[in-house]
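Novice: Below is a structure I'd like to ask you about.
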Amino acid sequence: MSETATTTVTPAAAAATVPVILKTRTGYVIPTEKYMIPTSWRRFHLSQLINKVLALPQPVPFDFVVHGEMLRASLGEWCASKGIEEEETLEIEYIESVLPPERVSSIPHPDWVSSISCHLKGYFLTGSYDSCVRLYNDRQELLHTISSHSAPVSSVCFIPRPQAGPSDPQLIASTSYDTTCHIVSAPMDAMIVADDEERSRLKALASLQLHTAPISSVASNSTGSTLLTAGWDSYIGVWTTEIPESDEVDEVVYPSFDADRRKRRKVKKDENAPVRKAPQSVMKSHTSRISSIQWSPVSSDASLAYSCGWDFTARSWDVEAGVCTATMTASEKAMLDVAVTCNGRTLVSANGDRTASVFAIGSSASPSHLSHMSPVTSITAHPISAHHVASGCMDGIVRIWDLRSTKSAVESFVARGDQNEPAKEGQKQSASKVLSLDWSQGNLIGCAGEKGIDIFRILMSRRNTTTTASQRDQSVAPSARAGSLPPTQDDEDEECSFDLVDELQQHGINAQDISKLKSASVYTMHGVKAMSRRNMCKIKGLSEAKVEKIKEAAAKILGSSFLPATLVMEKRKDVFFISTGSKVVDGVLGGGIQSRCISEVYGEYRTGKTQLAHTICVVAQLPREMGGAGGKVAYIDTEGTFRPERISQIADRFGVEGAQVLENIVHARALNSEHQMELTKDLGERLAEGGYRLVIVDSIMALFRVDYSGRGELSERQQKLGQFLAHLTRMAEEYNLAILLTNQVQSDPGATMVFTAGGALKPIGGHVLSHASTVRMMLRKGRGDERIAKLSDSPDRPEGEATYKLAEGGWEDV
């Protein structure tokens, strides 16, 4: 490797400097050089440097992460605090700043709002101290007022119904200080009515009977099959969401919610009363009031849940077994709310002592703490970023935190609730105490409290500003602008399905060693596990002892490699298919180009290999119900045949904007086989950001064919090819990608003696390529404009043929 160039940016020769290498996983990549940066420079100066190097037409703010924490001081001050000599080279990662929060709307309520849920797109669900549950649409219209409780509502949630249509009724769960949890079915296509009496006609279908004290929290799993309730009696109830035909428990006596808790009243059963439902099981481990219960956001942990309480503990639960699996303790800190990051690795609790505690799940290390100015009442995690959480306090301030730096919040805003409430003369409108937060999939934060609810938009990336602005109505209304793509998965509903290598830091691996792994294109825990000890020892600066420690930490994080086949089947549900543009070809393939594997298409010239690559570049960005994957595309071009104007033509066929499609495609022109291999390693940095769904190599063998000639170099070529394909296979499995390879053909003299479809041609690459490709499809010319695709190899599909044609809109049915 060549020496890294050094660029001096100090304004004066006498100024003290520190050598810095700036890296990023964003789209704003600057040359990898060593910059001599003045020690007096802060975040603002470094951000200006990147903008100037890239000559950006509009300034883009950046934040900087050094050794796992945000840079909040000058470089000199940071080095002094860490005991680092100014001669030591710093590797600094820059990320796009969180943009200032934007208020979308506020909805007044007649009483304090204790709970809010924004998890159903286009709707807001609230629970209030006036004993009512209210359902609003994103136009701030009140759809339903549900008055089934006799005391303040403490928690609400939507119960997902994956198979339900947009007009089907929505199930809602609510808990109250009257010790009950109710399940209600609310029509979503109901007419908006002005009469409060009409809105209040919804009645509870079932009343969940277990708790003997106020219920503080309710949560539904992602499939809507199971509910969890947690109460002040320290019990956790596990319930199915099926509505029984008759009462499952006898009539009970409820405590009345008044000043004298010793008074009791008997609830009389009438025809309109909900059926009384018994729990499936009961879990007990907390020794005091339970404040909050949450399911794990990771789909593979379907039976895992987390709770926190006034006994200074947060606990994890195996719901299926009904046992507490781990206890996390923060001394003398009553926990009021709990949130778990999208990768399931970090738990954050809101505490009554003006802190939020950050626990590494599965680690015995002491928690770190986020300091606040008043008691923290609520906490919520970003749905797709494992680094960001939001906290709400009694002082009315909502803070956005990046968990890579816990010293201060990256952004904050004030909840004010009802904007129509007049301020006192000579004073600003007072803040609204925050009681509940919910961070939705569409970059919206719902904030509930003393004066109603506020809805704020939080943009985590300036790159998304254009898309979000053009779809502003979509993020707060169900109708989408014609001709626009939906947000890619990383902006909307992608779950973090891979563990970043940064998790090693929580298991005793220092940030410098993690940076060395990244320099070798190892960005995820799966990559650490896949790399052999021998190859890892070749990374500069990693000794055998360090490698062994890293391997041990990775084993703890990932657990056993052996899994029950039932769990493997569950994981396979994440596999998606990208349509080829031809329905008959999709039928032969079982739905299209499959994820988590390599698909290879080969054929002679003019059979449509590159046209297929261009077509699925567009289709991959469409929503899944249209045959797409809702994600970005990486295109490695080895023959110089990528044509952006062709992408725009195909985009017109599907009714989307060509410019927007091109924005979601990253293209690289490979110059030789070595460069081709380097590009896939560099690509890992982008894939670790999330959002990518398709990688195309067009074509796989063209450059290998040029760089290695004759039988004397065949062995070396196949060895390099095998390494390249192994890396692609790991990427496909690691990031749940669909990988498409196009391939050339060569004459097969032996085939001239027998009749074979396609003539005397065979794909190049030999057995190395044929074994690496999970799906192989041969293309050949037919009559006129017709082309024939034959599935020649697949682990789960029979051989078959389909006819297609090449048209202006790409691959189409004949």
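Following the order of the structure tokens, first chain is A, next is B, and so on, with residues numbered from 1 inside each chain and ligands from 1 in the order they appear.
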Please provide the set of residues having any atom within 8 Å of A:Pro244, restricted to only C-alpha atoms, with same-chain residues fewer than 5 positions apart removed, written as a ChimeraX atom specification.

Specialist: /A:206,275,277

Novice: Env of stretch 361-375 of chain A: 6 Å cut, atoms = only C-alpha atoms, seq-sep filter 4 positions within chain, self excluded. Answer as a list in words.

Specialist: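 Surrounding residues, per the criterion: Arg345, Thr346, Gly352, Asp353, Arg354, Thr355, Ala356, Ser357, Cys393, Met394 and Thr406 of chain A.
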
Novice: So that I can check the surroundings of A:Cys537, please list as an NGL selection string every protein, DNA and RNA residue that reaches within 10 Å of it, counting only C-alpha atoms and ignoring chain neighbours fewer than 5 positions away.

Specialist: :A and (532 or 542-548)

Novice: Calculated over only C-alpha atoms, which of the candidates A:Ala360, A:Leu558, A:Ala326, A:Val348 has the smallest distance to A:Ala390?

Specialist: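 Selected residue with least distance to A:Ala390: A:Val348.
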
Novice: As number ranges by chain, list the residues of stretch 124-341 of chain A assigned to strand (DSSP E) by DSSP on the backbone atoms of this structure.

Specialist: A: 124-128, 133-137, 142-146, 153-159, 170-176, 181-186, 204-208, 215-220, 226-231, 235-240, 253-255, 264-266, 275-277, 281-284, 290-295, 304-309, 313-318, 323-329, 335-340

Novice: Can you measure atom CA of A:Trp317 to atom CA of A:Leu336 for me? One decimal in Å is fine.

Specialist: 17.9 Å

Novice: Per DSSP on the backbone, filter stretch 60-182 of chain A down to the residues in alpha helix (DSSP H) and report them as an NGL selection string.

Specialist: :A and (75-82)

Novice: Can you list, as a PyMOL selection string, every protein, DNA or RNA residue that comes within 9 Å of A:Ile764 when you count only C-alpha atoms, leaving out same-chain residues fewer than 4 positions away?

Specialist: chain A and resi 602+701+705+743-746+769

Novice: Residues near A:Ser316, anyone? I mean within 6 Å using only C-alpha atoms, not counting same-chain ones fewer than 6 positions away, as a list in words.

Specialist: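 Residues meeting the cut-off are Ala305, Tyr306, Cys324, Thr325 and Ala326 of chain A.
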
Novice: Keeping N, CA, C and O atoms for every residue in the selection just given, could you write it to a file as a PDB file, in the first residue's frame?

Specialist:
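File again_38.pdb, as written:
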ATOM      1  N   ALA A 305     -38.983  -9.876  26.433  1.00  0.00           N
ATOM      2  CA  ALA A 305     -39.578  -8.598  26.841  1.00  0.00           C
ATOM      3  C   ALA A 305     -38.724  -7.981  27.951  1.00  0.00           C
ATOM      4  O   ALA A 305     -37.900  -8.650  28.574  1.00  0.00           O
ATOM      5  N   TYR A 306     -38.954  -6.678  28.190  1.00  0.00           N
ATOM      6  CA  TYR A 306     -38.193  -5.936  29.199  1.00  0.00           C
ATOM      7  C   TYR A 306     -39.152  -5.102  30.043  1.00  0.00           C
ATOM      8  O   TYR A 306     -40.146  -4.565  29.538  1.00  0.00           O
ATOM      9  N   CYS A 324     -37.916 -14.645  34.565  1.00  0.00           N
ATOM     10  CA  CYS A 324     -37.001 -13.509  34.452  1.00  0.00           C
ATOM     11  C   CYS A 324     -35.616 -14.058  34.109  1.00  0.00           C
ATOM     12  O   CYS A 324     -35.081 -14.915  34.820  1.00  0.00           O
ATOM     13  N   THR A 325     -35.016 -13.560  33.035  1.00  0.00           N
ATOM     14  CA  THR A 325     -33.727 -14.091  32.574  1.00  0.00           C
ATOM     15  C   THR A 325     -32.542 -13.236  32.987  1.00  0.00           C
ATOM     16  O   THR A 325     -31.409 -13.714  32.985  1.00  0.00           O
ATOM     17  N   ALA A 326     -32.760 -11.974  33.321  1.00  0.00           N
ATOM     18  CA  ALA A 326     -31.651 -11.110  33.734  1.00  0.00           C
ATOM     19  C   ALA A 326     -32.203  -9.911  34.494  1.00  0.00           C
ATOM     20  O   ALA A 326     -33.333  -9.475  34.269  1.00  0.00           O
TER      21      ALA A 326
END

Novice: Name the closest residue to A:Val633 among the candidates A:Leu740, A:Val568, A:Leu208, A:Val298; distances are taken between atoms, counting only C-alpha atoms.

Specialist: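 Looking only at the distances to A:Val633, the closest residue turns out to be A:Leu740.
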
Novice: May I have the residues within 7 Å of stretch 59-75 of chain A as number ranges by chain, using only C-alpha atoms and disregarding those fewer than 2 positions away in the same chain?

Specialist: A: 39-43, 47, 51, 56-57, 77-79, 91-97, 404-405, 511-512

Novice: Please indicate the distance in Å from atom CA of A:Thr175 to atom CA of A:Ser217, rounded to one decimal place.

Specialist: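 If I compute the distance from atom CA of A:Thr175 to atom CA of A:Ser217, I get 6.7 Å.
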
Novice: Which one is closest to A:Gly627: A:His675, A:His286, A:Arg596, A:Lys583? Count only C-alpha atoms.

Specialist: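 Looking only at the distances to A:Gly627, the closest residue turns out to be A:Lys583.
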